[in-house]
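See below for the structure under consideration.
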Amino acid sequence: MSLISEKDVLVPLDVLADFRDDYIANYLRATQNSGRLMLFAGDQKIEHLNDDFYGDDIPEEDNDPEHLFKIAQNAEIGVFATQMGLLARYGMDYPDLAYLVKMNSKTHLVKTSQDDPYSGQLYSVDQLMEFKGNSKLNIVGIGYTIYLGSEYESDMLAEAAQLIYEAHRFGLLTVLWIYPRGQAVIDEKDSHLIAGATGVAACLNSDFVKVNAPRAKDGQDSAVLLKEAVQSAGRTKVVCAGGSNAAPEDFLKELYKQLNVSGAAGNATGRNIHQKSLEEAVRMCNAINALTVKRVPIEEAIKIYRGE
Amino acid sequence: MSLISEKDVLVPLDVLADFRDDYIANYLRATQNSGRLMLFAGDQKIEHLNDDFYGDDIPEEDNDPEHLFKIAQNAEIGVFATQMGLLARYGMDYPDLAYLVKMNSKTHLVKTSQDDPYSGQLYSVDQLMEFKGNSKLNIVGIGYTIYLGSEYESDMLAEAAQLIYEAHRFGLLTVLWIYPRGQAVIDEKDSHLIAGATGVAACLNSDFVKVNAPRAKDGQDSAVLLKEAVQSAGRTKVVCAGGSNAAPEDFLKELYKQLNVSGAAGNATGRNIHQKSLEEAVRMCNAINALTVKRVPIEEAIKIYRGE
Amino acid sequence: MSLISEKDVLVPLDVLADFRDDYIANYLRATQNSGRLMLFAGDQKIEHLNDDFYGDDIPEEDNDPEHLFKIAQNAEIGVFATQMGLLARYGMDYPDLAYLVKMNSKTHLVKTSQDDPYSGQLYSVDQLMEFKGNSKLNIVGIGYTIYLGSEYESDMLAEAAQLIYEAHRFGLLTVLWIYPRGQAVIDEKDSHLIAGATGVAACLNSDFVKVNAPRAKDGQDSAVLLKEAVQSAGRTKVVCAGGSNAAPEDFLKELYKQLNVSGAAGNATGRNIHQKSLEEAVRMCNAINALTVKRVPIEEAIKIYRGE
Amino acid sequence: MSLISEKDVLVPLDVLADFRDDYIANYLRATQNSGRLMLFAGDQKIEHLNDDFYGDDIPEEDNDPEHLFKIAQNAEIGVFATQMGLLARYGMDYPDLAYLVKMNSKTHLVKTSQDDPYSGQLYSVDQLMEFKGNSKLNIVGIGYTIYLGSEYESDMLAEAAQLIYEAHRFGLLTVLWIYPRGQAVIDEKDSHLIAGATGVAACLNSDFVKVNAPRAKDGQDSAVLLKEAVQSAGRTKVVCAGGSNAAPEDFLKELYKQLNVSGAAGNATGRNIHQKSLEEAVRMCNAINALTVKRVPIEEAIKIYRGE
Amino acid sequence: MSLISEKDVLVPLDVLADFRDDYIANYLRATQNSGRLMLFAGDQKIEHLNDDFYGDDIPEEDNDPEHLFKIAQNAEIGVFATQMGLLARYGMDYPDLAYLVKMNSKTHLVKTSQDDPYSGQLYSVDQLMEFKGNSKLNIVGIGYTIYLGSEYESDMLAEAAQLIYEAHRFGLLTVLWIYPRGQAVIDEKDSHLIAGATGVAACLNSDFVKVNAPRAKDGQDSAVLLKEAVQSAGRTKVVCAGGSNAAPEDFLKELYKQLNVSGAAGNATGRNIHQKSLEEAVRMCNAINALTVKRVPIEEAIKIYRGE
């Protein structure tokens with residue numbers, strides 16, 4: 001495990017002088033002084049409606065929104081990312097968590113075959129800062145999704161540029177979720193296209209960018225392919241989306257390679273955590289966190305998950 | 001009957017400190033100190049034009065907008081929900097009612113086969129607060145309709161997020177009407193989809209969400225199906241739409257099950273009330289209110305309706 | 001003839017306290033202390049381009065915009081309704097008229113078969129109030145057209161709600177022109193649909209609503225059919241559009257029935273007035289005004305028109 | 001030649017009291033104390049790209065934007081109309097001209113068969129006034145183009161209404177270019193439709209309106225047909241577009257008839273002036289100006305053009 | 001080599017008096033006191049995603065965004081143009097460069113066959129000036145791309161007009177990238193159309209305009225054809241886009257002709273520079289700069305590139 005300190009944090013030039021210390025503190029808190037990000041993603045109640053929370057293979061407790069907060073409370077994580085509305089209704093009972101507010105969301109009802117995707121901004125940064133001040137919650141950053149290649153791309157690029165500029169001014173971290181999607185996009189998980197996406201994040205000055213891992217073709221290795229994207233992102237750090245539910249040990253092995261082969265700086269995981277009982281979800285979180293932040297060997301992470 | 005007091009009211013964190021007492025007072029007033037909501041819905045003069053107010057089976061007095069106010073005045077209800085315009089013209093004669101202002105409305109003329117539904121915001125919360133102050137009317141909250149799955153979903157999600165944030169700041173309650181609707185929506189009353197809708201309401205931090213009761217298939221029970229939605233809503237409370245006119249006793253039985261089997265926290269009823277003579281409408285209101293707020297057995301509610 | 005006084009005027013609750021007296025004065029002036037409205041409509045130079053002002057059966061003087069002002073000056077009317085631009089260029093020579101400013105307008109070039117109708121707002125109420133103050137013209141109210149059932153209905157409902165709220169704040173009267181129109185509208189003059197339109201006006205808190213008289217089918221009487229709309233409008237008063245040019249005595253008889261059978265509170269007439277020589281137009285105005293405001297028998301109105 | 005003085009200028013009522021003198025001064029300057037307008041139109045570098053400035057029959061000097069300024073400097077004109085950008089880059093060398101700023105512009109690349117025309121506003125009146133103050137240029141008015149009958153008509157009507165209202169407030173003159181155009185428009189030069197266009201200009205309170213001369217059919221005379229439009233414009237004055245390049249003497253004869261038969265109040269000419277050498281262009285300007293402002297006989301104008 | 005001094009700089013009239021000196025300083029810095037512009041274009045990470053930075057013929061170091069900054073640091077250039085986001089993350093290590101901020105960007109995923117191009121504004125000039133003040137970076141100007149002939153042309157013309165007006169106010173230079181593109185555009189590189197594009201830049205008052213060199217047909221010479229565009233731009237200076245990767249010596253020869261035959265005032269080159277190793281890229285920059293600013297003979301430029 002290698003720790004960083006205040007002097008290791010690169011503060012972007014759009015952070016106002018009065019908020020440089022806040023930025024550094026937010027960065028260290030979010031990365032647990034490691035420079036790497038373990039993000040527990042909990043924005044799916046809008047993004048996927050109830051599909052991720054109720055069904056045959058999902059424990060009933062996942063259908064209660066508070067399940068997400070209980071996991072975040074009991075496990076080792078960097079930040080818990082969700083919509084501001086949930087924070088306003090549960091945050092009083094979970095005052096010590098580090099939160100990242102997802103600033104836009106859409107449902108998955110309208111498919112790309114009907115219309116290209118657009119996910120609209122729900123709040124302004126000014127409102128978020130007011131909420132942060134009034135609620136006393138420890139909001140360390142914001143998230144925003146861009147569908148690159150959508151016919152509404154220009155709206156999302158502009159909203160993202162504005163949100164990042166405003167969030168940085170007040171010392172907040174930023175994470176972009178970037179997914180190439182739309183009629184114009186043939187292969188959403190093409191490694192070269194994903195490297196384009198992380199480059200866009202760099203040009204928009206995001207601190208982190210969450211992308212899907214590339215799809216490997218013909219004997220390729222997804223983690224090797226991801227290196228292009230890590231490099232093209234430059235000083236913007238890449239974290240991989242956890243994606244749909246996978247066998248836990250496979251998931252951890254893939255993450256290990258993303259961190260250690262690709263050079264990714266963390267992960268953003270939702271379903272692979274919360275679609276488990278609280279106790280198992282906590283073990284899964286801790287295993288992910290150990291890989292990401294404590295840089296343990298894969299065998300140790302698997303033991304943590306197994307509760308051994 | 002179980003009463004709640006000030007300390008039982010969970011105040012969301014977006015309520016400004018100066019308005020916490022107002023929020024609590026509005027909550028207790030709207031729920032009649034029960035935590036459950038009997039909402040008399042009177043926004044249909046725009047939503048359904050004159051179809052709900054004039055016709056063979058509708059008493060003539062229902063064609064006069066004041067019929068709605070007379071019912072609200074004479075019956076036991078929690079809040080009367082309608083557009084701000086009607087309040088401005090009748091409120092001086094009904095100064096003691098608790099009002100919930102419906103902030104958007106559309107007619108039913110354009111069908112989904114022609115264009116996906118969008119219902120636009122008519123006023124800002126700042127205007128509403130100015131109106132409340134000048135009119136001295138007891139406006140305790142706002143309502144807003146979202147058509148989830150519409151191609152205009154992003155507009156409505158953003159307006160709803162903004163309205164709820166601003167309304168809460170000033171201590172107002174919020175009720176979302178959420179109906180999945182649009183070309184992309186196959187079954188508007190699918191229980192799983194409705195559970196998605198209530199989850200969206202939770203993420204938007206609404207105090208209450210009004211949804212249609214799920215359609216039961218193959219021997220299922222709608223009230224049992226609704227449990228998924230009540231649970232996925234978490235701390236946001238679910239009330240069911242009254243829907244089109246039903247036989248009063250059937251209606252009351254269904255409501256009883258929603259309250260006592262599904263765990264719903266109330267009802268939002270319009271046509272099943274106002275498409276009756278004033279005297280019968282008042283009895284119907286009182287029966288609904290007795291079930292909802294006073295938690296009487298179904299038999300007693302039916303007696304109230306019958307005037308026994 | 002029955003007169004009303006200040007105490008008979010119902011002041012809507014969105015009128016600011018400082019402007020209640022202005023509202024009452026505007027109301028009494030516009031209705032000539034009768035509570036009924038004789039509105040001379042002169043907004044057709046945009047709405048119908050030159051079709052209403054030039055042609056075989058139209059006197060040449062109607063082609064000069066000042067013809068409208070001359071009629072308004074010499075006849076008995078309640079208010080003269082037109083665009084603010086014409087007021088700015090002719091008002092200095094007609095300083096004593098009561099004006100109602102039509103706040104939106106469109107031409108008739110694009111037909112519904114090509115695109116649904118939208119008529120956009122031209123000025124804000126703040127600009128109107130500034131203009132009123134600077135010009136010293138006696139502007140007593142505003143007008144706005146909504147095409148209900150158009151795909152742009154939501155834009156017009158929102159603009160109307162905002163304009164009425166702002167106009168009332170400053171004590172101005174409001175008149176909505178509501179026409180169901182668009183691909184979705186099968187029968188624009190269906191009596192039940194028109195009753196829906198006047199109900200919308202009530203929900204938007206307009207003082208008056210101008211609609212087309214219903215089309216009578218199979219032995220029905222249009223004036224009887226209109227009663228549904230008058231009742232559904234509640235405290236919002238209904239005035240009928242004059243429509244295309246009719247034989248003057250037929251026109252007066254129809255108006256008489258609208259006032260005395262349907263319960264309409266006035267009329268809004270354009271072409272049936274201005275497509276006449278000044279002298280005949282003045283007689284026509286006076287006949288209409290006598291029916292509307294002075295409540296004379298039909299025979300007397302016809303004599304006034306005939307100059308007997 | 002008949003001159004007017006300050007007292008002859010009708011000041012519209014939307015001119016603020018502090019700017020009445022400015023309005024009068026601008027009006028007299030623009031019309032050279034004649035009440036008639038000789039407008040040299042130089043906005044085609046956007047409207048027609050380089051088609052009007054380069055080609056076989058066009059002298060090479062016309063390809064330099066400064067050609068326009070040189071003509072305006074050396075000839076007798078009322079105002080030179082062009083985009084604000086050109087003024088900012090050449091105005092320091094031509095400080096004594098009277099300028100009219102064209103506030104919107106579009107290219108001709110997208111044809112009506114592809115999409116209806118919309119020409120968007122480039123600057124606000126506040127920016128224009130700031131620019132006028134800082135640059136010390138003598139900007140006497142603004143221009144704006146409306147495509148009546150376009151599907152974007154409502155946008156242009158609203159922008160025009162706003163621009164005229166704001167421009168008048170500060171004492172600036174206004175000229176509307178109105179062209180019926182779009183899928184809905186069968187005959188752009190129908191005399192009756194053009195009379196509709198000038199009527200719209202009156203309702204929008206423009207000081208001048210520039211239209212195309214009507215197309216004459218079957219032995220009709222365009223100048224006679226134009227009388228309908230001059231009359232329907234009322235107190236708004238009509239000037240005709242010069243149109244595409246014509247034989248100079250034919251052009252002058254047609255203009256003579258527009259002024260003396262139709263009652264037009266001037267002209268707005270571009271290509272018929274600038275597609276000539278500087279020396280010839282100056283003679284052409286002077287001939288046009290003599291007809292328009294000095295009211296000379298046609299023979300004298302032709303002599304001026306010929307340099308006799 | 002011919003140098004210019006402060007008095008040779010034409011300051012547009014929209015520059016505020018307090019910022020005239022800044023404008024002159026920015027102009028001299030950007031043109032290296034030559035009046036000619038060597039612009040190193042580095043906005044392709046959004047415009048072309050990773051296609052320009054990764055591939056068989058591209059050195060691996062080009063995949064790191066910092067490659068662009070290293071080139072700009074080590075070579076002789078006028079300005080380095082890129083998005084503000086990259087400046088905020090790398091500028092602290094490259095504080096002495098002259099930067100030009102590209103204010104809009106889009107990806108190339110959606111092709112014109114699917115939808116016409118629109119590239120939306122990402123930041124306001126006010127934000128840029130705030131960023132400049134806080135970051136202490138030497139930002140000398142802005143860039144903006146217009147797709148002329150796109151169905152979204154009006155949006156881009158308006159954004160460009162606003163950005164140039166606001167940028168000039170504060171003494172910033174402006175460069176427009178103008179590319180005719182869209183369904184309506186048959187030949188994007190038609191010389192006459194490109195001359196139209198530079199004329200638009202003149203009307204919008206841009207200091208520089210970047211266009212593609214015309215495509216030569218049938219024995220024509222592109223550099224000769226470009227003369228039309230240089231002339232039609234008037235006082236706005238024309239620079240040519242470097243375009244896709246060409247053989248270096250061919251590239252330099254073509255540039256030499258653009259400068260010395262066409263009268264272009266510089267170049268804007270991206271891929272022909274950065275798709276090389278740092279050392280070769282620096283030599284290429286220096287050769288381009290020598291041609292552009294030092295006005296060396298072509299042979300000397302080639303020697304510089306060869307490192308001779």
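Identifiers in the structure tokens: chain A, B, ... in order shown; residue index from 1 per chain; ligand index from 1 in order shown.
The set of residues in stretch 228-300 of chain B assigned to strand (DSSP E or B) by DSSP, using only backbone atoms of this structure, is B:Lys237, B:Val238, B:Val239, B:Cys240, B:Ala241, B:Gly266, B:Asn267, B:Ala268, B:Thr269.
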Emit the selected residues as a CSV table (one decimal), in the first residue's frame, including N, CA and C atoms.
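Result saved to result06.csv:
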```
chain,number,residue,atom,x,y,z
B,237,LYS,N,-43.4,8.0,0.3
B,237,LYS,CA,-44.6,7.2,0.5
B,237,LYS,C,-45.5,7.1,-0.8
B,238,VAL,N,-46.1,6.0,-0.9
B,238,VAL,CA,-46.8,5.6,-2.1
B,238,VAL,C,-48.3,5.8,-1.9
B,239,VAL,N,-48.9,6.6,-2.8
B,239,VAL,CA,-50.4,6.7,-2.8
B,239,VAL,C,-50.9,6.2,-4.2
B,240,CYS,N,-52.1,5.6,-4.2
B,240,CYS,CA,-52.6,5.1,-5.5
B,240,CYS,C,-53.6,6.1,-6.1
B,241,ALA,N,-53.5,6.2,-7.4
B,241,ALA,CA,-54.5,6.9,-8.2
B,241,ALA,C,-55.8,6.2,-8.1
B,266,GLY,N,-51.8,6.0,1.4
B,266,GLY,CA,-52.9,6.9,1.2
B,266,GLY,C,-53.4,6.7,-0.2
B,267,ASN,N,-54.2,7.7,-0.7
B,267,ASN,CA,-54.8,7.6,-2.0
B,267,ASN,C,-54.9,9.0,-2.6
B,268,ALA,N,-55.1,9.1,-3.9
B,268,ALA,CA,-55.3,10.3,-4.6
B,268,ALA,C,-56.5,10.1,-5.5
B,269,THR,N,-57.6,10.6,-5.2
B,269,THR,CA,-58.8,10.3,-5.8
B,269,THR,C,-59.5,11.5,-6.4
```
- Task: May I have the residues of chain E within 10 Å of chain A, counting only C-alpha atoms, written as an NGL selection string?
- Result: :E and (43-55 or 60-67 or 82-92 or 104-111 or 114-124 or 127-128 or 130-132 or 134-137)
- Message: To test your reading of the structure, identify every residue in stretch 89-200 of chain E that backbone DSSP assigns to alpha helix (DSSP H), and report it as a ChimeraX atom specification.
- Response: /E:89-90,125-135,153-169,191-200
- Task: Kindly give the distance, in Å, that separates atom CA of D:Val175 and atom CA of D:Thr145, rounded to a single decimal.
- Result: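 Atom CA of D:Val175 sits 8.7 Å away from atom CA of D:Thr145.
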- Enter the distance from atom CA of E:Glu76 to atom CA of E:Val293, in Å, rounded to one decimal.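 So the two atoms, atom CA of E:Glu76 and atom CA of E:Val293, lie 9.9 Å apart.
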- Task: For each of D:Leu291, D:Met103, D:Ile4, D:Leu39, take the minimum atom-to-atom distance to D:Lys253, counting only C-alpha atoms, then give the residue where this is smallest.
- Result: D:Leu291
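We find atom CA of D:Ile77 and atom CA of D:Asp221 to be spaced 27.7 Å apart.
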- Message: With only C-alpha atoms as the counted atoms, please give the residues lying no more than 10 Å from D:Arg271, apart from itself and same-chain residues fewer than 6 positions off, as an MDAnalysis selection string.
- Response: chainID D and resid 40:42 44 52:53 58 242:246 281
- Item | Contact residues around A:Glu254 with only C-alpha atoms at 10 Å, ignoring same-chain residues under 6 positions, as JSON, numbers by chain | {"A": [213, 222, 223, 242, 248, 260, 261, 298]}
